[in-house]
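Novice: Provided herewith: start08.csv, CSV, C-alpha atoms.
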chain,number,residue,atom,x,y,z
T,211,MET,CA,-19.0,-3.6,-19.0
T,212,VAL,CA,-20.3,-0.7,-16.9
T,213,LYS,CA,-23.1,-1.7,-14.6
T,214,LYS,CA,-26.3,0.2,-15.2
T,215,PRO,CA,-27.5,2.4,-12.3
T,216,ALA,CA,-30.4,1.3,-10.0
T,217,ALA,CA,-33.1,3.6,-11.5
T,218,GLU,CA,-33.7,4.3,-15.2
T,219,TYR,CA,-31.8,7.2,-16.7
T,220,ALA,CA,-33.6,10.4,-15.9
T,221,GLY,CA,-32.9,12.0,-19.2
T,222,ILE,CA,-32.2,15.4,-17.5
T,223,PRO,CA,-29.3,16.2,-15.2
T,224,LEU,CA,-30.9,16.0,-11.8
T,225,PRO,CA,-28.6,17.2,-9.0
T,226,GLU,CA,-26.4,14.6,-7.3
T,227,VAL,CA,-25.0,14.9,-3.8
T,228,GLU,CA,-21.5,13.5,-3.5
T,229,VAL,CA,-20.7,12.3,0.0
T,230,PHE,CA,-16.9,11.6,-0.1
T,231,SER,CA,-15.8,9.8,3.0
T,232,ASN,CA,-12.3,10.5,4.6
T,233,VAL,CA,-11.8,6.7,5.1
T,234,LEU,CA,-12.9,3.6,3.3
T,235,LEU,CA,-16.1,2.3,5.0
T,236,GLY,CA,-16.6,-1.3,6.0
T,237,ALA,CA,-19.9,-3.2,5.6
T,238,GLU,CA,-21.3,-2.3,9.0
T,239,THR,CA,-20.8,1.4,8.6
T,240,THR,CA,-22.2,1.4,5.1
T,241,GLU,CA,-25.3,-0.4,6.4
T,242,LYS,CA,-25.8,2.3,9.0
T,243,VAL,CA,-25.3,5.1,6.4
T,244,LEU,CA,-27.7,3.6,3.9
T,245,ASN,CA,-30.3,3.0,6.5
T,246,ALA,CA,-30.0,6.5,7.7
T,247,LEU,CA,-30.4,7.8,4.2
T,248,ASP,CA,-33.3,5.4,3.5
T,249,GLY,CA,-36.2,7.5,4.8
T,250,ILE,CA,-35.2,10.8,3.2
T,251,GLU,CA,-37.6,12.1,0.6
T,252,HIS,CA,-36.8,13.0,-3.0
T,253,ILE,CA,-33.9,10.6,-3.3
T,254,ARG,CA,-34.1,8.9,-6.6
T,255,GLN,CA,-31.1,6.5,-6.4
T,256,ILE,CA,-27.9,6.1,-4.5
T,257,ASN,CA,-24.7,4.9,-6.3
T,258,MET,CA,-21.7,3.9,-4.3
T,259,THR,CA,-18.1,3.6,-5.3
T,260,GLY,CA,-14.9,2.4,-3.7
T,261,GLU,CA,-12.2,-0.2,-3.7
T,262,SER,CA,-13.2,-3.5,-5.2
T,263,ILE,CA,-13.1,-6.7,-3.3
T,264,SER,CA,-13.0,-9.7,-5.6
T,265,LYS,CA,-14.9,-13.0,-5.0
T,266,THR,CA,-11.9,-15.3,-5.6
T,267,ILE,CA,-8.2,-14.8,-5.5
T,268,GLY,CA,-7.3,-13.9,-9.1
T,269,SER,CA,-3.6,-14.6,-9.5
T,270,GLY,CA,-0.6,-16.2,-7.9
T,271,PRO,CA,-0.3,-19.5,-6.1
T,272,ALA,CA,-3.7,-19.1,-4.5
T,273,LYS,CA,-5.5,-18.5,-7.7
T,274,GLY,CA,-9.1,-19.8,-7.6
T,275,LEU,CA,-9.4,-19.9,-3.8
T,276,PRO,CA,-12.3,-18.0,-2.3
T,277,ASN,CA,-11.3,-14.6,-1.1
T,278,GLU,CA,-12.7,-14.6,2.5
T,279,HIS,CA,-12.9,-10.9,3.0
T,280,THR,CA,-14.9,-9.9,6.1
T,281,GLU,CA,-16.3,-6.8,4.4
T,282,ARG,CA,-17.7,-8.6,1.3
T,283,LYS,CA,-21.2,-9.5,2.5
T,284,VAL,CA,-24.9,-8.9,2.0
T,285,ILE,CA,-26.3,-6.0,4.1
T,286,LYS,CA,-29.9,-5.2,4.9
T,287,VAL,CA,-31.1,-1.8,3.8
T,288,GLY,CA,-34.7,-0.9,4.5
T,289,GLY,CA,-35.8,-4.5,4.2
T,290,ARG,CA,-33.9,-5.2,1.0
T,291,ASP,CA,-30.7,-7.1,0.6
T,292,VAL,CA,-27.7,-5.3,-0.9
T,293,GLU,CA,-24.6,-7.3,-1.9
T,294,LEU,CA,-21.5,-5.3,-1.2
T,295,CYS,CA,-18.5,-5.9,-3.4
T,296,TYR,CA,-16.6,-2.8,-2.4
T,297,LEU,CA,-15.1,-1.0,0.5
T,298,VAL,CA,-17.2,2.1,0.0
T,299,GLY,CA,-15.4,5.4,-0.5
T,300,ALA,CA,-18.2,7.7,-1.8
T,301,PHE,CA,-21.9,7.9,-2.1
T,302,TYR,CA,-23.6,9.6,-5.1
T,303,ILE,CA,-27.2,10.4,-4.2
T,304,GLU,CA,-29.4,11.5,-7.1
T,305,LEU,CA,-32.2,13.8,-6.0
T,306,ASP,CA,-35.6,14.3,-7.7
T,307,VAL,CA,-36.1,18.0,-6.8
T,308,GLU,CA,-37.7,20.9,-8.5
T,309,ASN,CA,-36.0,24.0,-7.2
T,310,ALA,CA,-33.1,25.3,-5.2
T,311,ASP,CA,-34.9,25.4,-1.8
T,312,MET,CA,-36.0,21.7,-2.0
T,313,LEU,CA,-32.4,20.9,-2.9
T,314,ASP,CA,-31.0,22.8,0.0
T,315,SER,CA,-33.3,21.2,2.5
T,316,VAL,CA,-32.6,17.7,1.3
T,317,VAL,CA,-28.8,18.3,1.4
T,318,VAL,CA,-29.1,19.5,5.0
T,319,THR,CA,-31.0,16.3,5.9
T,320,ILE,CA,-28.4,14.2,4.2
T,321,ASP,CA,-25.7,16.0,6.0
T,322,LYS,CA,-27.3,15.4,9.3
T,323,ALA,CA,-27.7,11.7,8.6
T,324,CYS,CA,-24.1,11.3,7.5
T,325,LYS,CA,-22.7,13.2,10.5
T,326,LYS,CA,-24.4,10.7,12.8
T,327,THR,CA,-23.2,7.6,11.0
T,328,MET,CA,-19.7,8.6,9.6
T,329,PRO,CA,-17.6,9.6,12.6
T,330,LYS,CA,-14.3,9.8,10.7
T,331,GLY,CA,-15.6,12.7,8.6
T,332,TYR,CA,-16.5,13.3,5.0
T,333,THR,CA,-16.8,16.1,2.4
T,334,ILE,CA,-20.2,16.8,0.9
T,335,GLY,CA,-20.9,18.6,-2.4
T,336,VAL,CA,-23.5,18.9,-5.1
T,337,GLY,CA,-22.9,18.3,-8.8
T,338,ARG,CA,-23.4,15.8,-11.5
T,339,PHE,CA,-21.2,12.7,-11.5
T,340,ASN,CA,-22.9,10.0,-13.4
T,341,LYS,CA,-24.6,9.5,-16.7
T,342,PHE,CA,-28.3,10.6,-17.0
T,343,ARG,CA,-29.1,9.5,-20.5
T,344,ASP,CA,-28.1,6.8,-23.0
T,345,SER,CA,-24.7,7.2,-24.6
T,346,ALA,CA,-23.0,5.5,-27.5
T,347,HIS,CA,-21.7,2.9,-25.1
T,348,ASP,CA,-25.2,1.8,-24.0
T,349,TYR,CA,-26.3,1.7,-27.6
T,350,ARG,CA,-23.4,-0.6,-28.4
T,351,ASN,CA,-24.1,-3.0,-25.5
T,352,ASP,CA,-27.9,-3.3,-26.0
F,192,MET,CA,44.2,11.7,-0.7
F,193,ALA,CA,41.4,11.2,1.8
F,194,ALA,CA,39.0,8.4,1.2
F,195,TYR,CA,35.6,9.4,-0.1
F,196,LYS,CA,33.2,9.9,2.8
F,197,ARG,CA,29.6,9.0,1.9
F,198,GLN,CA,27.1,11.8,2.5
F,199,PHE,CA,24.0,9.6,1.7
F,200,TYR,CA,21.4,12.3,1.2
F,201,PRO,CA,21.0,16.0,1.2
F,202,GLY,CA,18.5,18.0,3.2
F,203,THR,CA,17.8,19.4,6.6
F,204,THR,CA,14.1,18.5,7.1
F,205,SER,CA,12.8,15.5,9.0
F,206,PRO,CA,12.1,13.3,5.9
F,207,ALA,CA,15.6,14.0,4.6
F,208,LYS,CA,17.1,13.1,8.0
F,209,ALA,CA,15.1,9.9,8.1
F,210,ARG,CA,16.3,8.9,4.7
F,211,ARG,CA,19.9,9.4,5.8
F,212,ARG,CA,19.3,7.4,8.9
F,213,TYR,CA,17.9,4.4,7.0
F,214,MET,CA,20.7,4.5,4.4
F,215,ASP,CA,23.7,4.8,6.7
F,216,PRO,CA,24.9,1.3,7.6
F,217,LYS,CA,26.5,2.6,10.8
F,218,VAL,CA,23.1,3.6,12.2
F,219,LYS,CA,21.5,0.7,14.1
F,220,LEU,CA,17.7,0.8,13.5
F,221,LYS,CA,15.5,0.2,16.5
F,222,ASN,CA,13.5,-3.0,16.9
F,223,LEU,CA,9.9,-2.2,17.6
F,224,ARG,CA,8.6,-5.8,17.9
F,225,ASP,CA,9.7,-9.3,17.9
F,226,VAL,CA,8.0,-11.6,15.4
F,227,SER,CA,9.4,-15.1,15.7
F,228,MET,CA,11.5,-16.5,12.8
F,229,ASP,CA,9.0,-19.3,12.3
F,230,ASP,CA,6.2,-16.8,11.9
F,231,VAL,CA,8.3,-14.8,9.4
F,232,VAL,CA,8.9,-17.9,7.4
F,233,ARG,CA,5.2,-18.7,7.5
F,234,ILE,CA,4.2,-15.3,6.2
F,235,MET,CA,6.7,-15.6,3.4
F,236,GLY,CA,5.3,-18.9,2.4
F,237,HIS,CA,8.4,-20.4,0.6
F,238,ARG,CA,9.0,-23.3,3.0
F,239,ASN,CA,7.5,-24.7,6.2
F,240,PRO,CA,9.4,-23.8,9.4
F,241,GLY,CA,11.8,-26.6,10.3
F,242,GLU,CA,12.1,-27.8,6.7
F,243,ASP,CA,15.5,-28.0,5.0
F,244,TYR,CA,16.4,-25.4,2.5
F,245,ARG,CA,16.1,-26.7,-1.1
F,246,SER,CA,19.2,-26.0,-3.2
F,247,ILE,CA,19.7,-25.3,-6.9
F,248,HIS,CA,23.4,-26.1,-7.1
F,249,PRO,CA,25.9,-28.0,-5.0
F,250,PRO,CA,27.7,-26.2,-2.2
F,251,ILE,CA,30.6,-24.1,-3.3
F,252,GLU,CA,33.1,-25.9,-1.0
F,253,GLU,CA,32.6,-29.1,-3.1
F,254,GLY,CA,35.0,-27.3,-5.6
F,255,LYS,CA,33.0,-27.7,-8.8
F,256,GLU,CA,33.3,-23.9,-9.5
F,257,PRO,CA,35.2,-22.9,-12.7
F,258,GLU,CA,38.5,-21.0,-12.3
F,259,CYS,CA,37.7,-17.3,-12.1
F,260,PRO,CA,39.6,-14.5,-10.4
F,261,ILE,CA,36.3,-12.7,-9.5
F,262,ARG,CA,34.9,-15.8,-7.8
F,263,LYS,CA,38.1,-15.9,-5.8
F,264,LEU,CA,37.8,-12.2,-4.8
F,265,VAL,CA,34.1,-12.2,-3.8
F,266,ALA,CA,33.2,-13.9,-0.5
F,267,PRO,CA,29.9,-15.7,-1.0
F,268,ILE,CA,27.0,-15.1,1.4
F,269,GLU,CA,25.8,-18.0,3.5
F,270,GLY,CA,23.0,-18.9,1.1
F,271,ALA,CA,25.2,-18.8,-1.9
F,272,LYS,CA,27.7,-21.1,-0.1
F,273,HIS,CA,25.1,-23.7,0.4
F,274,GLY,CA,23.5,-23.2,-3.0
F,275,ASP,CA,20.0,-22.1,-1.8
F,276,ARG,CA,17.1,-21.1,-4.1
F,277,VAL,CA,16.6,-17.4,-4.6
F,278,ARG,CA,13.3,-16.4,-3.0
F,279,TYR,CA,11.5,-13.1,-2.4
F,280,ILE,CA,9.6,-10.9,0.0
F,281,GLN,CA,7.6,-7.9,-1.2
F,282,PHE,CA,6.6,-4.9,0.9
F,283,THR,CA,4.0,-2.3,0.1
F,284,ASP,CA,4.2,1.1,1.8
F,285,SER,CA,1.2,3.4,2.1
F,286,VAL,CA,1.5,7.0,1.0
F,287,TYR,CA,-0.1,8.1,4.2
F,288,PHE,CA,3.2,8.6,6.1
F,289,ALA,CA,4.5,5.0,6.1
F,290,PRO,CA,7.9,4.9,7.8
F,291,ILE,CA,9.7,4.3,4.5
F,292,SER,CA,8.9,4.3,0.9
F,293,PRO,CA,9.9,1.9,-2.0
F,294,TYR,CA,12.9,3.8,-3.4
F,295,GLN,CA,14.4,4.4,0.0
F,296,ARG,CA,14.0,0.7,0.7
F,297,ALA,CA,16.1,0.0,-2.3
F,298,TRP,CA,18.8,2.4,-1.1
F,299,MET,CA,18.7,1.0,2.3
F,300,TYR,CA,19.0,-2.7,1.2
F,301,LEU,CA,21.9,-2.0,-1.1
F,302,SER,CA,23.6,0.1,1.5
F,303,ARG,CA,23.4,-2.3,4.3
F,304,TYR,CA,23.3,-5.8,2.8
F,305,ARG,CA,25.2,-7.9,0.3
F,306,GLY,CA,23.8,-10.4,-2.2
F,307,VAL,CA,20.6,-8.4,-2.7
F,308,ASP,CA,18.5,-8.1,-5.9
F,309,THR,CA,15.9,-5.5,-5.4
F,310,GLY,CA,13.2,-4.2,-7.6
F,311,THR,CA,11.4,-0.9,-7.0
F,312,LEU,CA,8.0,0.1,-8.4
F,313,SER,CA,5.7,2.8,-7.3
F,314,GLY,CA,3.4,0.6,-5.3
F,315,ARG,CA,5.7,-2.1,-4.1
F,316,GLN,CA,9.3,-3.1,-3.4
F,317,ILE,CA,10.5,-6.6,-3.9
F,318,ILE,CA,13.7,-8.1,-2.6
F,319,GLU,CA,15.2,-11.4,-3.9
F,320,MET,CA,18.0,-13.1,-2.1
F,321,ARG,CA,19.2,-16.6,-1.3
F,322,GLU,CA,16.6,-18.1,1.0
F,323,ARG,CA,18.7,-18.4,4.1
F,324,ASP,CA,19.9,-14.8,4.1
F,325,LEU,CA,16.4,-13.5,3.0
F,326,GLU,CA,14.9,-14.9,6.1
F,327,VAL,CA,17.4,-13.1,8.3
F,328,LEU,CA,16.7,-9.9,6.3
F,329,ALA,CA,13.0,-10.3,6.4
F,330,LYS,CA,12.9,-10.8,10.1
F,331,GLU,CA,15.0,-7.6,10.6
F,332,MET,CA,12.8,-5.6,8.3
F,333,ILE,CA,9.6,-6.8,10.0
F,334,ASP,CA,11.0,-6.2,13.5
F,335,ASN,CA,12.5,-2.8,13.0
F,336,GLU,CA,11.1,0.7,12.6
F,337,THR,CA,10.7,0.6,8.8
F,338,PHE,CA,7.7,-1.6,9.3
F,339,ASP,CA,4.4,-0.3,10.5
F,340,PRO,CA,1.7,-2.9,11.0
F,341,ALA,CA,-1.1,-0.7,9.6
F,342,LEU,CA,0.7,1.1,6.8
F,343,THR,CA,3.2,-1.5,5.5
F,344,GLY,CA,1.9,-4.6,3.9
F,345,ILE,CA,3.7,-7.8,3.1
F,346,ARG,CA,2.2,-8.7,-0.2
F,347,GLY,CA,3.4,-11.0,-2.8
F,348,ALA,CA,0.8,-10.4,-5.4
F,349,THR,CA,-2.1,-8.0,-6.0
F,350,VAL,CA,-0.5,-5.1,-4.1
F,351,HIS,CA,-3.1,-2.5,-4.8
F,352,GLY,CA,-3.6,-0.2,-1.9
F,353,HIS,CA,-0.6,2.0,-1.3
F,354,ALA,CA,-2.4,5.1,-2.6
F,355,CYS,CA,-5.9,4.3,-1.3
F,356,ARG,CA,-7.5,5.9,1.6
F,357,LEU,CA,-7.0,4.1,4.9
F,358,ASP,CA,-10.0,2.1,6.2
F,359,GLU,CA,-11.9,2.8,9.4
F,360,HIS,CA,-9.3,1.1,11.5
F,361,GLY,CA,-6.4,3.0,9.9
F,362,LEU,CA,-5.2,0.0,7.9
F,363,MET,CA,-4.0,0.1,4.3
F,364,PHE,CA,-6.5,-1.4,1.9
F,365,ASP,CA,-5.9,-5.0,0.8
F,366,GLY,CA,-8.2,-6.6,-1.7
F,367,TRP,CA,-7.3,-10.0,-0.4
F,368,GLN,CA,-7.4,-9.1,3.3
F,369,ARG,CA,-4.1,-10.7,4.3
F,370,TYR,CA,-4.3,-9.0,7.6
F,371,ILE,CA,-7.2,-7.9,9.9
F,372,TRP,CA,-7.7,-5.6,12.8
F,373,ASP,CA,-8.1,-7.2,16.2
F,374,ASP,CA,-10.3,-4.7,18.1
F,375,ASP,CA,-9.8,-6.3,21.5
F,376,LYS,CA,-6.1,-6.3,21.5
F,377,LYS,CA,-5.8,-3.3,19.1
F,378,GLU,CA,-3.3,-5.2,17.0
F,379,VAL,CA,-2.9,-6.1,13.4
F,380,ILE,CA,-3.0,-9.9,12.7
F,381,TYR,CA,-1.9,-11.7,9.6
F,382,VAL,CA,-4.4,-14.3,8.6
F,383,LYS,CA,-3.0,-15.2,5.1
F,384,ASP,CA,0.6,-15.4,3.9
F,385,GLN,CA,2.1,-13.0,1.4
F,386,VAL,CA,0.3,-14.6,-1.6
F,387,ALA,CA,-3.1,-15.0,0.3
F,388,ILE,CA,-2.9,-18.7,1.1
F,389,PRO,CA,-4.6,-18.9,4.5
F,390,LEU,CA,-2.3,-19.5,7.5
F,391,ASP,CA,-2.8,-22.3,10.0
F,392,ARG,CA,-2.6,-19.9,12.8
F,393,LYS,CA,-2.9,-16.2,13.1
F,394,ILE,CA,0.3,-14.1,13.5
F,395,SER,CA,0.2,-10.9,15.4
F,396,VAL,CA,2.6,-8.1,14.3
F,397,GLY,CA,1.7,-5.7,17.0
F,398,LYS,CA,0.2,-2.3,17.5
F,399,PRO,CA,0.5,0.3,14.8
F,400,ALA,CA,2.2,3.6,15.7
F,401,SER,CA,0.2,6.8,16.1
F,402,MET,CA,-0.1,9.2,13.1
F,403,ASN,CA,1.9,11.9,15.0
F,404,ASP,CA,4.8,9.5,15.6
F,405,LEU,CA,4.7,8.4,12.0
F,406,LYS,CA,4.7,11.9,10.7
F,407,LYS,CA,7.9,12.6,12.6
F,408,ARG,CA,9.8,9.6,11.2
F,409,THR,CA,8.5,9.2,7.7
F,410,THR,CA,10.7,9.5,4.6
F,411,ILE,CA,7.9,10.7,2.4
F,412,PHE,CA,7.7,14.3,1.3
F,413,ARG,CA,4.0,15.3,1.1
F,414,ALA,CA,2.2,18.6,0.6
F,415,ASP,CA,0.3,18.0,3.9
F,416,GLY,CA,3.4,16.9,5.7
F,417,VAL,CA,6.8,18.3,4.9
F,418,ASP,CA,6.8,19.7,1.4
F,419,MET,CA,9.8,18.8,-0.7
F,420,ARG,CA,9.9,22.5,-1.9
F,421,ASP,CA,10.5,23.5,1.7
F,422,ASP,CA,13.8,21.6,1.8
F,423,LYS,CA,15.9,23.7,-0.5
F,424,GLU,CA,18.9,21.3,-0.6
F,425,VAL,CA,16.8,18.3,-1.7
F,426,THR,CA,15.0,20.4,-4.3
F,427,LYS,CA,18.3,21.7,-5.7
F,428,TYR,CA,19.6,18.1,-5.8
F,429,GLY,CA,16.6,16.9,-7.7
F,430,ILE,CA,16.7,19.8,-10.2
F,431,ARG,CA,20.4,19.3,-10.7
F,432,ILE,CA,19.9,15.7,-11.7
F,433,HIS,CA,17.2,16.5,-14.2
F,434,TYR,CA,19.2,19.4,-15.6
F,435,MET,CA,22.4,17.5,-16.1
F,436,ARG,CA,20.6,14.5,-17.7
F,437,THR,CA,18.8,16.7,-20.1
F,438,LEU,CA,21.9,18.8,-20.9
F,439,GLY,CA,24.0,15.8,-21.2
F,440,GLY,CA,21.7,14.3,-23.9
F,441,TYR,CA,21.1,17.6,-25.7
F,442,GLN,CA,24.4,19.4,-25.7
F,443,PRO,CA,27.1,17.2,-24.0
F,444,PHE,CA,29.8,19.7,-25.1
F,445,ASN,CA,28.1,22.3,-22.8
F,446,VAL,CA,28.4,20.1,-19.6
F,447,LYS,CA,31.2,21.8,-17.8
F,448,ASP,CA,32.7,20.4,-14.6
F,449,MET,CA,30.1,21.6,-12.1
Using the file provided, produce a representation of the structure as structure tokens.
Specialist:
Amino acid sequence: MVKKPAAEYAGIPLPEVEVFSNVLLGAETTEKVLNALDGIEHIRQINMTGESISKTIGSGPAKGLPNEHTERKVIKVGGRDVELCYLVGAFYIELDVENADMLDSVVVTIDKACKKTMPKGYTIGVGRFNKFRDSAHDYRND
Amino acid sequence: MAAYKRQFYPGTTSPAKARRRYMDPKVKLKNLRDVSMDDVVRIMGHRNPGEDYRSIHPPIEEGKEPECPIRKLVAPIEGAKHGDRVRYIQFTDSVYFAPISPYQRAWMYLSRYRGVDTGTLSGRQIIEMRERDLEVLAKEMIDNETFDPALTGIRGATVHGHACRLDEHGLMFDGWQRYIWDDDKKEVIYVKDQVAIPLDRKISVGKPASMNDLKKRTTIFRADGVDMRDDKEVTKYGIRIHYMRTLGGYQPFNVKDM
């Protein structure tokens, strides 16, 4: 089942900034990036994606043992706890902006924040990557 | 009539030369590290170091084999002579310029060793052999230049990661984190064995090679490395195989001696 995103669906396709990292980021770096993005205005929600780290070992002779992965932990972002279950590969930052100028200024701010915290590099782009309204899938699950 | 001289692999570019080098049994591959045999056995996880080998049939010398001319012709390997179990080791090679890739591993094993049962998939390469001989082979494969601590993984199960981006330390992704990066010594350390059962003590497999060095000795053709289309002979060989297969199935009478 697909997890619902953090904020309610906007209903309209607000612009999303995709920050695609060149390397898979560990927990510490993700924490730094999220804290750097925390204060920026007009951000509605941030979705992250990456390679999943399971809680327990799922198959083989070690099935059922806890998967002690150093990057699977709870990080602190702006006073809140976020449980990371992934090695993060990309951030999708949904913006609540009204015109192109606002969008450009926010993208520049995001770019600055990422440059400081992601030394190995990334590509940044604006588009629409996630759902913004209910679909048949949501209707079926509710 | 002269005996057939193996040519191994076509091509003039560096990945093609690397492939020839790995396949040719006369070429001795360099040892880049020395992981002790006990440590290799611990990583494989089939028996404890020092334990006796378990056997599945009595030794061949006892003479209970049936009469067979083929059995007389083929000299058994050490493990077969003692009746060892058949056990495995599985390697995963990252697409980001790992020294060798699964299909070339298969060619290399079959070219250099006897008594090998190998299976090749896109993300992993497994080798099954009698336990005694497998341990010798595994130690050689871990010590020599086909193994890079960061880009080659010894994974028995859940091998996902060969096509993922590398992580911040340059290691290939492993969902079960069988190995970690030691930032003080700048080495890769195995903390779990190949099926993710935690090890009693950590096993260091040494420092990973630099990306420049790996790009020179990889066997992988990549668009951002050496493109296969740049090596005319290899492309011709690939196209010829596909052409002959298709023609042979479609109009076998049109396959002339080419």
Novice: Do a neighbour search on T:Leu247 at 10 Å with all atoms listed in the file, toss out local chain neighbours closer than 3 positions, and write the hits as a count of residues only.
Specialist: 18
Novice: Please determine the residues with any atom at most 10 Å from (-37.0, 18.0, -6.1) (coordinates as given in the file, with only C-alpha atoms counting) and report them as a ChimeraX atom specification.
Specialist: /T:224-225,251-254,305-316
Novice: Limited to C-alpha atoms, could you put the picked residues into a file as an mmCIF file, in the frame of the given file?
Specialist:
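The new file result03.cif reads:
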data_model
loop_
_atom_site.group_PDB
_atom_site.id
_atom_site.type_symbol
_atom_site.label_atom_id
_atom_site.label_comp_id
_atom_site.auth_asym_id
_atom_site.auth_seq_id
_atom_site.Cartn_x
_atom_site.Cartn_y
_atom_site.Cartn_z
ATOM 1 C CA LEU T 224 -30.900 16.000 -11.800
ATOM 2 C CA PRO T 225 -28.600 17.200 -9.000
ATOM 3 C CA GLU T 251 -37.600 12.100 0.600
ATOM 4 C CA HIS T 252 -36.800 13.000 -3.000
ATOM 5 C CA ILE T 253 -33.900 10.600 -3.300
ATOM 6 C CA ARG T 254 -34.100 8.900 -6.600
ATOM 7 C CA LEU T 305 -32.200 13.800 -6.000
ATOM 8 C CA ASP T 306 -35.600 14.300 -7.700
ATOM 9 C CA VAL T 307 -36.100 18.000 -6.800
ATOM 10 C CA GLU T 308 -37.700 20.900 -8.500
ATOM 11 C CA ASN T 309 -36.000 24.000 -7.200
ATOM 12 C CA ALA T 310 -33.100 25.300 -5.200
ATOM 13 C CA ASP T 311 -34.900 25.400 -1.800
ATOM 14 C CA MET T 312 -36.000 21.700 -2.000
ATOM 15 C CA LEU T 313 -32.400 20.900 -2.900
ATOM 16 C CA ASP T 314 -31.000 22.800 0.000
ATOM 17 C CA SER T 315 -33.300 21.200 2.500
ATOM 18 C CA VAL T 316 -32.600 17.700 1.300
#
Novice: Could you check which of F:Thr349, F:Thr311, F:Gln281, F:Thr343 is closest to chain T, using all atoms listed in the file?
Specialist: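 Closest to chain T of all the choices is F:Thr349.
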Novice: Kindly give the distance, in Å, that separates atom CA of F:Lys221 and atom CA of F:Ile333, rounded to a single decimal.
Specialist: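 Atom-to-atom, atom CA of F:Lys221 to atom CA of F:Ile333, that is 11.2 Å.
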Novice: Nearest to chain F: which of T:Asn351, T:Asn245, T:Ser269, T:Thr259 is it, counting all atoms listed in the file?
Specialist: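 Comparing T:Asn351, T:Asn245, T:Ser269, T:Thr259 against chain F, the winner is T:Ser269.
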Novice: Residues of chain T were defined as contacting chain F if any atom lay at most 7 Å from it, counting only C-alpha atoms; please report them as a list of chain:residue names.
Specialist: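 So the contacting residues turn out to be T:Val233, T:Leu234, T:Leu235, T:Ser262, T:Ile263, T:Ser264, T:Gly270, T:Pro271, T:Ala272, T:Asn277, T:His279.
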Novice: For a test of reading the model, state the distance in Å between atom CA of F:Val307 and atom CA of F:Val425, rounded to one decimal.
Specialist: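 Computing it gives 27.0 Å between the two atoms.
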Novice: Tell me which of T:Glu226, T:Glu238, T:Glu218, T:Glu261 sits closest to T:Phe339, counting all atoms listed in the file.
Specialist: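 Of all the options, T:Glu226 lies closest to T:Phe339.
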Novice: So that I can see what lies close to F:Gly236, please list as JSON, numbers by chain the residues with an atom at most 8 Å from it, counting only C-alpha atoms and leaving out residues fewer than 2 positions away in the same chain.
Specialist: {"F": [232, 233, 234, 238, 239, 384, 385, 386]}
Novice: Return the single residue from T:Val229, T:Lys330, T:Asn340, T:Ala237 that is closest to T:Glu293, with distances computed using all atoms listed in the file.
Specialist: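 With all atoms listed in the file as the atom set, the closest residue is T:Ala237.
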Novice: One decimal, Å: what's the distance from atom CA of F:Pro399 over to atom CA of F:Ala207, could you say?
Specialist: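 Atom CA of F:Pro399 sits 22.8 Å away from atom CA of F:Ala207.
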